[in-house]
Amino acid sequence: MNHKNHKPYVYKKKKKNGKSKVGREEKYTPKFVTDELQAMIDYMNSEDGSDVIFISELCLHRGYSPQRWSEIANKYADNENISETIKRIESILEIRLYKAGLTGAVNPTMALAGLNNKYKWINGKQLNENVNANVNMNTDKTKIKWGDKEITL
């Protein structure tokens, strides 16, 4: 997150086991995260950020490591606003990567690898292998065996 406007070293008293303790305020508050996510969207919509396709690029542009993205996503998974905004950003990047692979702006093999790894896409070969492993058809084609279940057509 952009650390320029945030004061990470503001100290306050915390109580722990009835004893006063000095500690650092929470750095990534919901308001701070919401503002940062909006700044990311604004950058992605700008001319400079229109070609960003990886979350790592976006994080590094904002001045923090991509690991922080995962930490924030996990921490605020129950916050509907933050969670939905994170999903929206990831969806935009997924679509951009897909389009870049289709148009040749990015090597299609590399785009597919990114889609497989980050977004859990599966290619046709993997799909066929999974279907062949789990689906057996009867010769009269009226029954399909799916795993341990049998479906009559």
# chains A, B, ... in the order shown; residues from 1 in each chain; ligands from 1
>>> residues_around(residues="region 108-125 of chain A", least_positions_apart="3", cutoff="12 Å", atoms="only C-alpha atoms", output="JSON list (two decimals) with C-alpha atoms, in the first residue's frame")
[["chain", "number", "residue", "atom", "x", "y", "z"],
["A", 53, "ILE", "CA", -1.97, -7.66, -16.25],
["A", 54, "PHE", "CA", -0.40, -9.03, -13.08],
["A", 55, "ILE", "CA", -1.23, -8.28, -9.46],
["A", 56, "SER", "CA", 2.53, -8.14, -8.77],
["A", 87, "LYS", "CA", -12.33, -9.89, -6.54],
["A", 90, "GLU", "CA", -8.50, -9.81, -9.86],
["A", 91, "SER", "CA", -11.27, -10.30, -12.44],
["A", 92, "ILE", "CA", -10.10, -7.28, -14.43],
["A", 93, "LEU", "CA", -6.53, -8.59, -14.42],
["A", 94, "GLU", "CA", -7.71, -12.08, -15.41],
["A", 95, "ILE", "CA", -9.63, -10.69, -18.39],
["A", 96, "ARG", "CA", -6.67, -8.55, -19.42],
["A", 97, "LEU", "CA", -4.34, -11.55, -19.32],
["A", 98, "TYR", "CA", -6.80, -13.62, -21.35],
["A", 99, "LYS", "CA", -7.17, -10.89, -23.97],
["A", 100, "ALA", "CA", -3.40, -10.32, -24.10],
["A", 101, "GLY", "CA", -2.90, -14.02, -24.81],
["A", 102, "LEU", "CA", -5.55, -14.01, -27.54],
["A", 103, "THR", "CA", -4.19, -10.92, -29.28],
["A", 104, "GLY", "CA", -0.56, -12.00, -29.02],
["A", 105, "ALA", "CA", 0.42, -9.06, -26.81],
["A", 128, "ASN", "CA", -10.31, -34.46, -21.37],
["A", 129, "GLU", "CA", -8.00, -36.36, -19.00],
["A", 130, "ASN", "CA", -10.28, -35.56, -16.05],
["A", 131, "VAL", "CA", -13.43, -36.55, -17.94],
["A", 132, "ASN", "CA", -11.89, -39.76, -19.28]]
>>> residues_around(residues="Ile86 (chain A)", least_positions_apart="5", cutoff="12 Å", atoms="only C-alpha atoms", output="ChimeraX atom specification")
/A:33-34,36-38,40-41,55,69-81,91-93
>>> select_by_dssp(residues="region 52-94 of chain A", states="helix (DSSP H, G or I)", output="PyMOL selection string")
chain A and resi 55-62+66-75+80-94
